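The file input_23.txt contains compact mmCIF, C-alpha atoms and all ligand atoms:
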# COMPACT_ATOMS: atom_id res chain seq x y z
CA MET A 1 -29.87 -11.48 7.85
CA TYR A 2 -28.23 -8.52 6.11
CA ILE A 3 -24.93 -8.90 4.26
CA ALA A 4 -22.33 -6.81 2.38
CA SER A 5 -19.04 -7.74 0.72
CA THR A 6 -15.96 -5.92 -0.46
CA THR A 7 -12.40 -6.52 -1.62
CA ALA A 8 -9.33 -4.61 -0.52
CA PRO A 9 -5.94 -4.72 -2.23
CA VAL A 10 -2.48 -5.17 -0.74
CA ASN A 11 -0.51 -1.92 -0.76
CA ILE A 12 3.27 -1.61 -0.85
CA ALA A 13 4.72 1.60 0.56
CA THR A 14 7.13 3.54 -1.62
CA LEU A 15 7.57 6.12 1.17
CA LYS A 16 7.62 4.11 4.37
CA TYR A 17 5.53 4.41 7.52
CA TRP A 18 7.83 3.60 10.41
CA GLY A 19 7.16 5.05 13.85
CA LYS A 20 4.12 5.98 15.91
CA ARG A 21 3.52 9.12 17.92
CA ASP A 22 0.45 7.48 19.47
CA LYS A 23 0.44 3.70 19.85
CA THR A 24 -3.25 3.28 20.64
CA LEU A 25 -4.59 5.40 17.81
CA ASN A 26 -1.82 4.34 15.36
CA LEU A 27 -0.79 7.93 14.67
CA PRO A 28 2.42 7.95 12.65
CA THR A 29 5.55 10.07 13.05
CA ASN A 30 5.64 10.71 9.29
CA SER A 31 3.38 10.72 6.26
CA SER A 32 3.73 7.85 3.79
CA ILE A 33 2.86 6.90 0.21
CA SER A 34 1.96 3.56 -1.31
CA VAL A 35 1.08 1.94 -4.57
CA THR A 36 -1.84 -0.46 -4.40
CA LEU A 37 -1.33 -3.74 -6.21
CA SER A 38 -3.83 -5.12 -8.68
CA GLN A 39 -6.83 -6.77 -7.04
CA GLU A 40 -6.61 -9.62 -9.52
CA ASP A 41 -3.34 -10.69 -7.95
CA LEU A 42 -3.38 -9.76 -4.30
CA ARG A 43 -6.46 -8.91 -2.33
CA THR A 44 -8.64 -9.75 0.65
CA LEU A 45 -12.33 -10.50 0.08
CA THR A 46 -14.51 -9.91 3.13
CA SER A 47 -18.22 -10.34 3.75
CA ALA A 48 -19.93 -8.93 6.82
CA ALA A 49 -23.34 -10.10 7.97
CA THR A 50 -25.56 -9.01 10.83
CA SER A 51 -28.73 -10.43 12.29
CA GLU A 52 -30.80 -10.01 15.43
CA THR A 53 -30.35 -13.76 15.96
CA PHE A 54 -26.51 -13.78 16.12
CA SER A 55 -25.31 -14.34 19.65
CA GLU A 56 -21.69 -13.20 19.30
CA ASP A 57 -19.29 -11.42 16.96
CA GLN A 58 -17.38 -14.02 14.94
CA LEU A 59 -14.67 -14.03 12.28
CA TRP A 60 -13.66 -16.78 9.85
CA LEU A 61 -10.28 -16.06 8.28
CA ASN A 62 -9.32 -18.26 5.32
CA GLY A 63 -11.88 -20.80 6.55
CA LYS A 64 -10.71 -20.86 10.19
CA LEU A 65 -12.54 -19.38 13.14
CA GLU A 66 -10.37 -16.57 14.58
CA SER A 67 -10.68 -14.25 17.52
CA LEU A 68 -12.06 -10.73 17.19
CA ALA A 69 -10.94 -9.91 20.71
CA SER A 70 -7.86 -7.80 19.95
CA GLU A 71 -8.03 -4.24 21.18
CA ARG A 72 -7.42 -2.96 17.64
CA THR A 73 -10.32 -4.90 16.16
CA GLN A 74 -12.58 -3.90 19.02
CA MET A 75 -11.76 -0.22 18.42
CA CYS A 76 -12.70 -0.55 14.74
CA LEU A 77 -16.00 -2.30 15.56
CA ALA A 78 -16.86 0.27 18.24
CA ASP A 79 -16.24 3.21 15.86
CA LEU A 80 -18.34 1.64 13.10
CA ARG A 81 -21.19 0.83 15.50
CA GLN A 82 -21.13 4.38 16.81
CA LEU A 83 -21.48 5.84 13.30
CA ARG A 84 -24.33 3.42 12.61
CA ALA A 85 -26.02 4.37 15.90
CA GLU A 86 -25.89 8.03 14.84
CA LEU A 87 -27.75 7.12 11.63
CA GLU A 88 -30.32 5.06 13.55
CA SER A 89 -30.95 7.94 15.94
CA GLN A 90 -31.84 10.14 12.94
CA ASP A 91 -34.12 7.59 11.27
CA ASP A 92 -36.36 5.36 13.36
CA SER A 93 -37.18 3.05 10.47
CA LEU A 94 -33.59 1.74 10.24
CA PRO A 95 -32.95 -1.71 11.72
CA LYS A 96 -30.82 -1.50 14.85
CA PHE A 97 -27.64 -3.00 13.33
CA SER A 98 -25.56 -1.09 15.87
CA GLN A 99 -26.92 -3.38 18.59
CA TRP A 100 -26.69 -6.66 16.67
CA LYS A 101 -23.70 -9.01 16.48
CA LEU A 102 -21.59 -9.46 13.34
CA HIS A 103 -20.39 -12.51 11.44
CA ILE A 104 -17.39 -11.82 9.22
CA VAL A 105 -15.86 -14.08 6.59
CA SER A 106 -12.51 -13.06 5.12
CA GLU A 107 -10.26 -14.71 2.56
CA ASN A 108 -6.95 -13.80 0.90
CA ASN A 109 -6.30 -14.80 -2.72
CA PHE A 110 -2.54 -14.87 -2.23
CA PRO A 111 -0.52 -17.63 -0.64
CA THR A 112 0.51 -16.99 2.95
CA ALA A 113 3.81 -18.49 1.84
CA ALA A 114 4.45 -15.38 -0.26
CA GLY A 115 5.47 -13.73 3.00
CA LEU A 116 3.40 -10.63 2.35
CA ALA A 117 1.92 -8.63 5.17
CA SER A 118 -1.80 -9.15 4.93
CA SER A 119 -2.92 -6.97 7.84
CA ALA A 120 -3.30 -3.89 5.62
CA ALA A 121 -5.70 -5.51 3.16
CA GLY A 122 -7.35 -7.46 6.00
CA PHE A 123 -8.27 -4.51 8.21
CA SER A 124 -9.17 -2.39 5.20
CA ALA A 125 -11.61 -5.01 3.89
CA LEU A 126 -13.07 -5.63 7.36
CA VAL A 127 -13.81 -1.95 7.96
CA VAL A 128 -15.15 -1.24 4.46
CA ALA A 129 -17.40 -4.34 4.44
CA ILE A 130 -19.02 -3.27 7.72
CA ALA A 131 -19.26 0.38 6.59
CA LYS A 132 -21.10 -0.88 3.48
CA LEU A 133 -23.37 -3.12 5.54
CA TYR A 134 -24.19 -0.16 7.81
CA LYS A 135 -24.69 2.12 4.78
CA LEU A 136 -22.45 4.75 6.35
CA PRO A 137 -22.42 8.00 4.38
CA GLN A 138 -18.83 8.96 5.31
CA SER A 139 -16.17 9.35 2.60
CA MET A 140 -13.40 6.74 2.13
CA SER A 141 -10.92 9.15 3.73
CA GLU A 142 -13.13 9.37 6.82
CA ILE A 143 -13.51 5.59 6.97
CA SER A 144 -9.72 5.23 6.49
CA LYS A 145 -9.27 6.73 9.97
CA ILE A 146 -11.08 3.71 11.42
CA ALA A 147 -9.01 1.23 9.36
CA ARG A 148 -5.88 3.06 10.59
CA LYS A 149 -6.72 2.10 14.16
CA GLY A 150 -6.73 -1.56 13.09
CA SER A 151 -3.33 -1.35 11.42
CA GLY A 152 -1.62 1.85 10.33
CA SER A 153 -0.88 0.76 6.78
CA ALA A 154 -4.48 -0.49 6.35
CA CYS A 155 -5.74 3.07 5.85
CA ARG A 156 -3.90 3.19 2.51
CA SER A 157 -5.68 0.07 1.16
CA LEU A 158 -9.03 1.89 1.00
CA PHE A 159 -7.98 3.44 -2.27
CA GLY A 160 -6.68 1.86 -5.46
CA GLY A 161 -3.71 3.31 -7.29
CA TYR A 162 -1.41 5.88 -5.68
CA VAL A 163 -2.25 6.78 -2.11
CA ALA A 164 -0.89 9.12 0.56
CA TRP A 165 -1.41 8.72 4.29
CA GLU A 166 -1.26 12.24 5.69
CA MET A 167 0.13 11.98 9.21
CA GLY A 168 -1.92 14.91 10.54
CA VAL A 169 -1.15 17.03 13.58
CA GLU A 170 -4.17 16.54 15.83
CA GLU A 171 -3.82 14.50 19.03
CA ASP A 172 -7.14 12.71 18.48
CA GLY A 173 -6.13 11.52 14.99
CA SER A 174 -8.98 13.37 13.30
CA ASP A 175 -6.68 14.51 10.45
CA SER A 176 -4.56 11.36 10.10
CA LYS A 177 -6.11 9.79 7.02
CA ALA A 178 -5.52 8.35 3.56
CA VAL A 179 -6.11 10.39 0.42
CA GLU A 180 -5.83 9.49 -3.23
CA VAL A 181 -2.80 10.92 -5.04
CA ALA A 182 -3.84 9.46 -8.40
CA PRO A 183 -6.07 6.59 -9.53
CA LEU A 184 -4.56 3.43 -10.99
CA GLU A 185 -5.54 4.46 -14.55
CA HIS A 186 -3.44 7.63 -14.25
CA TRP A 187 -0.21 5.59 -14.47
CA ASP A 188 -1.50 2.26 -15.66
CA ASN A 189 1.74 0.91 -17.13
CA MET A 190 3.31 0.75 -13.65
CA LYS A 191 3.95 -2.86 -12.67
CA ALA A 192 5.48 -4.66 -9.73
CA VAL A 193 7.27 -7.97 -9.44
CA ILE A 194 7.67 -9.55 -6.03
CA LEU A 195 10.79 -11.61 -5.37
CA VAL A 196 10.09 -13.98 -2.53
CA VAL A 197 13.42 -14.32 -0.79
CA SER A 198 11.99 -16.00 2.28
CA ALA A 199 8.47 -16.97 3.28
CA ASP A 200 9.43 -17.19 6.97
CA LYS A 201 7.62 -15.09 9.54
CA LYS A 202 9.56 -11.88 10.22
CA ASP A 203 11.60 -12.00 13.40
CA THR A 204 10.79 -8.47 14.62
CA PRO A 205 7.10 -7.58 14.26
CA SER A 206 6.54 -4.08 12.79
CA THR A 207 4.65 -2.74 15.79
CA SER A 208 7.41 -3.48 18.32
CA GLY A 209 10.20 -2.78 15.80
CA MET A 210 8.98 0.75 15.21
CA GLN A 211 8.79 1.43 18.94
CA THR A 212 12.43 0.38 19.36
CA THR A 213 13.41 2.69 16.49
CA VAL A 214 11.42 5.67 17.85
CA HIS A 215 13.01 5.32 21.28
CA THR A 216 16.61 4.56 20.34
CA SER A 217 17.59 5.75 16.85
CA ASP A 218 19.16 9.22 16.37
CA LEU A 219 19.04 8.75 12.63
CA PHE A 220 15.27 8.31 12.89
CA GLN A 221 14.87 11.88 14.20
CA TRP A 222 16.69 13.17 11.13
CA ARG A 223 14.55 10.99 8.89
CA ILE A 224 11.18 12.18 10.17
CA LYS A 225 12.11 15.86 10.46
CA GLU A 226 14.46 16.51 7.55
CA VAL A 227 14.10 13.73 5.01
CA VAL A 228 10.53 12.52 4.72
CA PRO A 229 8.61 15.85 4.59
CA THR A 230 10.46 16.95 1.43
CA ARG A 231 10.41 13.47 -0.06
CA PHE A 232 6.64 13.23 0.50
CA GLU A 233 6.04 16.28 -1.71
CA GLU A 234 8.60 15.20 -4.32
CA MET A 235 7.15 11.71 -4.60
CA LYS A 236 3.58 12.97 -5.01
CA LYS A 237 4.82 15.28 -7.79
CA SER A 238 6.67 12.43 -9.53
CA ILE A 239 3.45 10.40 -9.51
CA VAL A 240 1.34 13.26 -10.87
CA GLU A 241 3.96 13.84 -13.59
CA LYS A 242 4.51 10.09 -14.17
CA ASN A 243 8.24 10.69 -13.91
CA PHE A 244 9.57 7.14 -13.40
CA PRO A 245 13.27 7.96 -12.87
CA VAL A 246 12.43 10.45 -10.08
CA PHE A 247 9.79 8.16 -8.55
CA ALA A 248 12.24 5.25 -8.68
CA ASP A 249 15.14 7.13 -7.06
CA LEU A 250 12.90 8.37 -4.23
CA THR A 251 11.46 4.89 -3.71
CA MET A 252 14.87 3.20 -3.49
CA LYS A 253 16.32 5.94 -1.27
CA ASP A 254 13.38 5.74 1.09
CA SER A 255 13.62 1.97 1.39
CA ASN A 256 17.32 2.35 2.19
CA SER A 257 16.61 5.16 4.68
CA PHE A 258 14.00 3.05 6.49
CA HIS A 259 16.37 0.06 6.73
CA ALA A 260 19.19 2.36 7.87
CA THR A 261 17.05 3.55 10.81
CA CYS A 262 16.33 -0.11 11.61
CA LEU A 263 20.07 -0.77 11.73
CA ASP A 264 20.54 2.38 13.84
CA SER A 265 17.99 1.11 16.39
CA PHE A 266 19.38 -0.40 19.57
CA PRO A 267 19.38 -3.35 19.61
CA PRO A 268 19.52 -3.21 15.79
CA ILE A 269 16.74 -4.63 13.64
CA PHE A 270 17.75 -6.58 10.53
CA TYR A 271 15.15 -7.14 7.86
CA LEU A 272 17.35 -7.43 4.76
CA ASN A 273 19.43 -10.56 4.22
CA ASP A 274 22.29 -11.24 1.83
CA THR A 275 19.91 -12.12 -1.00
CA SER A 276 18.04 -8.83 -0.49
CA LYS A 277 21.33 -6.95 -0.73
CA LYS A 278 22.21 -8.79 -3.95
CA ILE A 279 18.86 -7.74 -5.40
CA ILE A 280 19.62 -4.11 -4.49
CA LYS A 281 22.98 -4.35 -6.26
CA LEU A 282 21.38 -6.07 -9.24
CA VAL A 283 18.77 -3.32 -9.73
CA HIS A 284 21.46 -0.64 -9.62
CA ALA A 285 23.53 -2.67 -12.11
CA ILE A 286 20.51 -3.01 -14.44
CA ASN A 287 19.82 0.74 -14.35
CA GLU A 288 23.48 1.44 -15.00
CA PHE A 289 23.58 -1.06 -17.88
CA TYR A 290 20.66 0.60 -19.67
CA LYS A 291 21.91 4.09 -18.70
CA GLU A 292 18.36 4.77 -17.63
CA THR A 293 16.41 4.11 -14.44
CA ILE A 294 13.95 1.39 -15.44
CA ALA A 295 13.54 -0.43 -12.11
CA ALA A 296 13.13 0.47 -8.43
CA TYR A 297 13.36 -1.89 -5.46
CA THR A 298 11.65 -1.50 -2.12
CA PHE A 299 11.71 -3.73 0.97
CA ASP A 300 9.27 -3.75 3.90
CA ALA A 301 9.78 -5.36 7.30
CA GLY A 302 11.28 -8.49 5.75
CA PRO A 303 13.77 -9.65 3.11
CA ASN A 304 11.36 -9.93 0.14
CA ALA A 305 11.82 -7.44 -2.69
CA VAL A 306 9.16 -5.57 -4.62
CA ILE A 307 10.51 -4.17 -7.87
CA TYR A 308 8.52 -1.46 -9.61
CA TYR A 309 8.93 -0.93 -13.36
CA GLU A 310 6.94 0.30 -16.35
CA SER A 311 5.45 -2.41 -18.57
CA GLN A 312 7.40 -1.35 -21.68
CA ASN A 313 10.61 -2.27 -19.82
CA GLU A 314 9.46 -5.68 -18.65
CA SER A 315 11.62 -7.72 -21.03
CA LYS A 316 14.67 -5.54 -20.28
CA LEU A 317 14.27 -6.17 -16.56
CA PHE A 318 13.24 -9.81 -16.78
CA ALA A 319 16.15 -10.65 -19.09
CA PHE A 320 18.41 -10.00 -16.11
CA LEU A 321 16.15 -11.64 -13.55
CA TYR A 322 15.80 -14.81 -15.63
CA LYS A 323 19.52 -14.94 -16.33
CA LEU A 324 20.45 -14.62 -12.68
CA PHE A 325 17.64 -16.52 -11.01
CA GLY A 326 16.69 -18.93 -13.77
CA LYS A 327 13.15 -19.24 -15.01
CA VAL A 328 11.07 -20.66 -12.17
CA SER A 329 7.51 -21.86 -12.33
CA GLY A 330 4.99 -19.30 -11.19
CA TRP A 331 7.22 -16.43 -12.31
CA GLU A 332 4.81 -15.45 -15.06
CA SER A 333 2.08 -14.82 -12.51
CA LYS A 334 4.21 -11.97 -11.17
CA TYR A 335 5.46 -13.57 -8.02
CA THR A 336 7.26 -16.76 -7.35
CA THR A 337 6.70 -19.11 -4.50
CA GLU A 338 10.10 -20.69 -5.05
CA SER A 339 12.81 -19.60 -2.71
CA LEU A 340 15.50 -17.43 -4.23
CA THR A 341 17.98 -18.17 -1.51
CA ALA A 342 19.99 -20.18 -4.04
CA PHE A 343 20.98 -16.90 -5.67
CA THR A 344 24.61 -16.36 -4.77
C1 LIG A 401 4.66 0.63 5.39
N1 LIG A 401 5.35 -1.03 7.12
O1 LIG A 401 4.60 1.84 5.19
C2 LIG A 401 5.69 0.16 6.40
C3 LIG A 401 7.02 -0.13 5.78
C4 LIG A 401 6.44 -1.93 7.22
C5 LIG A 401 7.59 -1.27 6.58
O2 LIG A 401 3.30 -0.34 7.57
O3 LIG A 401 1.49 -1.42 14.04
O4 LIG A 401 1.58 -3.45 10.01
O5 LIG A 401 -0.28 -2.29 12.52
O6 LIG A 401 0.33 0.13 12.49
O7 LIG A 401 0.88 -1.09 9.47
C6 LIG A 401 3.97 -2.20 8.75
O8 LIG A 401 3.30 -1.66 9.81
O9 LIG A 401 1.92 -1.61 11.68
C7 LIG A 401 4.19 -1.13 7.79
P1 LIG A 401 0.81 -1.27 12.72
P2 LIG A 401 1.79 -1.99 10.17
O10 LIG A 401 3.96 -0.19 4.76

As structure tokens - that is how I would like this structure written.
Ligand code: 2P0
Amino acid sequence: MYIASTTAPVNIATLKYWGKRDKTLNLPTNSSISVTLSQEDLRTLTSAATSETFSEDQLWLNGKLESLASERTQMCLADLRQLRAELESQDDSLPKFSQWKLHIVSENNFPTAAGLASSAAGFSALVVAIAKLYKLPQSMSEISKIARKGSGSACRSLFGGYVAWEMGVEEDGSDSKAVEVAPLEHWDNMKAVILVVSADKKDTPSTSGMQTTVHTSDLFQWRIKEVVPTRFEEMKKSIVEKNFPVFADLTMKDSNSFHATCLDSFPPIFYLNDTSKKIIKLVHAINEFYKETIAAYTFDAGPNAVIYYESQNESKLFAFLYKLFGKVSGWESKYTTESLTAFT
């Protein structure tokens, strides 16, 4: 039996991916940017094994046997096997992994109750573990195109730190890939706190939600053509220059723009709840109080907030959070599993 393991971090978009121009290949309608969270806190650990004796492909996710039958997973496995077969055709001495079945074991180190999307880290770890097992020579950006087919946002979890997913223009997706904007060490005092507003499953899944938006929202057309292309360049620059106030403004505006297109979809999609909106107001009030932008909120396809800040401002930010939410157990470990719905 041959085995390889890897970890992949959760990434939180600061410039949101929302909309596909090709549903099968997961080709987006706009480029996006994310910040990868520390692997100590939130990551997926995946091991992939192959052996001539395995009779079927199998996956154990957090200790439970799960299906590998989805079309997305099958596309990833087929791409990886094809790259391995190319290697085997060049070197006869290589074992024929491309023809053998796979056993995959995957585990998240964050509670499902935190309500965080795990598909990005999950598909990223799955694809990278198999690429390692197959000893594929392709770069991470090349491999990110395979992870993208599993779940769009997964392509960004192949890199640590600050990552861009370039949407590309080709119909076959050959230029739709993740690239590093800057490594984690470049801006290592950046931190994130996650406010778990609700651990419930989201009511509109991202994949169908984005299709509704693409087909029905006029505002969305403005967003992808006029707003995001400029913002993409400005945000990359703010990261390279470590300009927190600019990065923060762009991050908050893009979260609001994404949720505005959700509201403009027909029927409308609501991800933010009243608590989310109070957090938005709170962050603006904090920045106003200090007369300096020290915190930036962003919300994905759900009501939970991620607040970015620089470590030197932690006590300034947390003074407000503690005062308003009270000190809850688990807070110190950067995210709380307690519901904040009591915040009124
Ligand atoms: C993002 N989200 O950029 C955006 C912001 C949610 C809101 O990527 O259909 O799970 O698997 O490609 O990647 C969620 O979408 O969707 C997402 P698929 P995915 O992080």

query = Closest to Ile146 (chain A) among A:Leu65, A:Ile33, A:Leu94, A:Val128, using only C-alpha atoms?
reply = A:Val128

Distance filter 7 Å around ligand LIG 401 (chain A), atoms: only C-alpha atoms and all ligand atoms, out as a ChimeraX atom specification = /A:12-13,15-18,26,32,119-120,150-154,206-207,300-301

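Closest approach to Arg156 (chain A) among A:Ser93, A:Gln221, A:Ser141, A:Ser315: A:Ser141, based on only C-alpha atoms.
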
task = Choose the residue, out of A:Phe318, A:Phe325, A:Trp222, A:Tyr309, that has the smallest atom-to-atom separation from Pro245 (chain A); count only C-alpha atoms.
result =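 Closest candidate: A:Tyr309.
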
Using all atoms listed in the file, what does the table of region 133-196 of chain A residues within 10 Å of region 80-92 of chain A look like, with each row giving the shortest atom pair and its distance in Å to one decimal, sorted by chain and ascending number, as JSON lines?
{"residue": "A:Leu133", "atom": "CA", "partner": "A:Arg84", "partner_atom": "CA", "distance": 9.7}
{"residue": "A:Tyr134", "atom": "CA", "partner": "A:Arg84", "partner_atom": "CA", "distance": 6.0}
{"residue": "A:Lys135", "atom": "CA", "partner": "A:Arg84", "partner_atom": "CA", "distance": 7.9}
{"residue": "A:Leu136", "atom": "CA", "partner": "A:Arg84", "partner_atom": "CA", "distance": 6.7}
{"residue": "A:Pro137", "atom": "CA", "partner": "A:Leu87", "partner_atom": "CA", "distance": 9.0}
{"residue": "A:Gln138", "atom": "CA", "partner": "A:Leu83", "partner_atom": "CA", "distance": 9.0}
{"residue": "A:Ile143", "atom": "CA", "partner": "A:Leu80", "partner_atom": "CA", "distance": 8.7}
{"residue": "A:Ile146", "atom": "CA", "partner": "A:Leu80", "partner_atom": "CA", "distance": 7.7}

Taking every listed atom of region 173-182 of chain A and adding 3 Å to each side, what centre and edge lengths in Å (one decimal) does the axis-aligned box have, as lines of an AutoDock Vina configuration file?
center_x = -5.9
center_y = 11.4
center_z = 3.3
size_x = 12.2
size_y = 12.2
size_z = 29.4

query = Between A:Ser55, A:Thr29, A:Gln74, A:Thr44, which is the closest to Thr213 (chain A) once you count only C-alpha atoms?
reply = A:Thr29

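CA of Leu77 (chain A) is positioned 14.5 Å from CA of Ser47 (chain A).
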
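Interatomic distance, CA of Phe270 (chain A) against CA of Glu71 (chain A): 28.0 Å.
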
Spatial neighbours of Ser67 (chain A), 9 Å, all atoms listed in the file, chain gap at least 5 places, as number ranges by chain = A: 58-60

Output as CSV one row per residue of region 202-248 of chain A within 9 Å of region 253-260 of chain A: the closest atom pair and its distance in Å to one decimal place, counting all atoms listed in the file, sorted by chain and residue number ascending.
residue,atom,partner,partner_atom,distance
A:Leu219,CA,A:Ala260,CA,8.0
A:Phe220,CA,A:Phe258,CA,8.4
A:Arg223,CA,A:Ser257,CA,7.5
A:Val227,CA,A:Asp254,CA,8.9
A:Val228,CA,A:Asp254,CA,8.2
A:Arg231,CA,A:Asp254,CA,8.4
A:Ala248,CA,A:Lys253,CA,8.5

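Of the residues listed (A:Asn313, A:Ser98, A:Ser51, A:Ser276), A:Ser276 shows the shortest atom-to-atom separation from Thr298 (chain A); distances use all atoms listed in the file.
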
So that I can see what lies close to Ile286 (chain A), please list as a short mmCIF file (atom, residue, chain, number, x, y, z; two decimals) with C-alpha atoms, keeping the file's coordinate frame the residues with an atom at most 8 Å from it, counting only C-alpha atoms and leaving out residues fewer than 4 positions away in the same chain.
data_model
loop_
_atom_site.label_atom_id
_atom_site.label_comp_id
_atom_site.auth_asym_id
_atom_site.auth_seq_id
_atom_site.Cartn_x
_atom_site.Cartn_y
_atom_site.Cartn_z
CA LEU A 282 21.38 -6.07 -9.24
CA TYR A 290 20.66 0.60 -19.67
CA ILE A 294 13.95 1.39 -15.44
CA ALA A 295 13.54 -0.43 -12.11
CA LEU A 317 14.27 -6.17 -16.56
CA PHE A 320 18.41 -10.00 -16.11
#

ask   = For Cys76 (chain A), which residue among A:Asn108, A:Ser144, A:Phe54, A:Gly63 is the nearest when counting all atoms listed in the file?
value =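 Residue with the minimum atom-to-atom distance to Cys76 (chain A): A:Ser144.
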
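Taking CA of Ile224 (chain A) and CA of Ser31 (chain A) as the two end points, the separation is 8.8 Å.
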
Could you make a table, as a tab-separated table, of the residues of region 192-251 of chain A that have an atom within 12 Å of an atom of region 172-180 of chain A, each with its nearest atom pair and distance in Å to one decimal, counting only C-alpha atoms, in chain and number order?
residue	atom	partner	partner_atom	distance
A:Lys236	CA	A:Glu180	CA	10.2
A:Ile239	CA	A:Glu180	CA	11.2
A:Val240	CA	A:Glu180	CA	11.1

task = Can you pull out every residue within 10 Å of Glu40 (chain A), counting all atoms listed in the file, but drop anything in the same chain fewer than 2 positions away, and send it as a list in words?
result =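 Within the cut-off, the hits are Pro9, Leu37, Ser38, Leu42, Arg43, Asn109 and Phe110 of chain A.
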
Where atoms are absent from region 299-314 of chain A, fill them in so it carries N, CA and C atoms, then output it as a short mmCIF file (atom, residue, chain, number, x, y, z; two decimals), keeping the file's coordinate frame.
data_model
loop_
_atom_site.label_atom_id
_atom_site.label_comp_id
_atom_site.auth_asym_id
_atom_site.auth_seq_id
_atom_site.Cartn_x
_atom_site.Cartn_y
_atom_site.Cartn_z
N PHE A 299 11.81 -2.61 0.02
CA PHE A 299 11.71 -3.73 0.97
C PHE A 299 10.95 -3.27 2.21
N ASP A 300 9.99 -4.06 2.66
CA ASP A 300 9.27 -3.75 3.90
C ASP A 300 9.96 -4.42 5.08
N ALA A 301 9.19 -4.77 6.09
CA ALA A 301 9.78 -5.36 7.30
C ALA A 301 10.09 -6.84 7.08
N GLY A 302 10.91 -7.13 6.09
CA GLY A 302 11.28 -8.49 5.75
C GLY A 302 12.22 -8.47 4.56
N PRO A 303 12.75 -9.63 4.16
CA PRO A 303 13.77 -9.65 3.11
C PRO A 303 13.24 -9.67 1.67
N ASN A 304 11.91 -9.81 1.49
CA ASN A 304 11.36 -9.93 0.14
C ASN A 304 11.39 -8.59 -0.60
N ALA A 305 11.71 -8.67 -1.90
CA ALA A 305 11.82 -7.44 -2.69
C ALA A 305 10.56 -7.21 -3.51
N VAL A 306 10.16 -5.97 -3.62
CA VAL A 306 9.16 -5.57 -4.62
C VAL A 306 9.90 -4.68 -5.59
N ILE A 307 9.85 -5.01 -6.87
CA ILE A 307 10.51 -4.17 -7.87
C ILE A 307 9.44 -3.53 -8.75
N TYR A 308 9.43 -2.21 -8.76
CA TYR A 308 8.52 -1.46 -9.61
C TYR A 308 9.19 -1.18 -10.95
N TYR A 309 8.41 -1.25 -12.02
CA TYR A 309 8.93 -0.93 -13.36
C TYR A 309 7.74 -0.57 -14.24
N GLU A 310 8.03 0.01 -15.41
CA GLU A 310 6.94 0.30 -16.35
C GLU A 310 6.87 -0.84 -17.36
N SER A 311 5.65 -1.18 -17.79
CA SER A 311 5.45 -2.41 -18.57
C SER A 311 6.32 -2.47 -19.84
N GLN A 312 6.59 -1.32 -20.45
CA GLN A 312 7.40 -1.35 -21.68
C GLN A 312 8.84 -1.83 -21.41
N ASN A 313 9.24 -1.83 -20.15
CA ASN A 313 10.61 -2.27 -19.82
C ASN A 313 10.66 -3.68 -19.23
N GLU A 314 9.51 -4.37 -19.30
CA GLU A 314 9.46 -5.68 -18.65
C GLU A 314 10.53 -6.65 -19.17
#
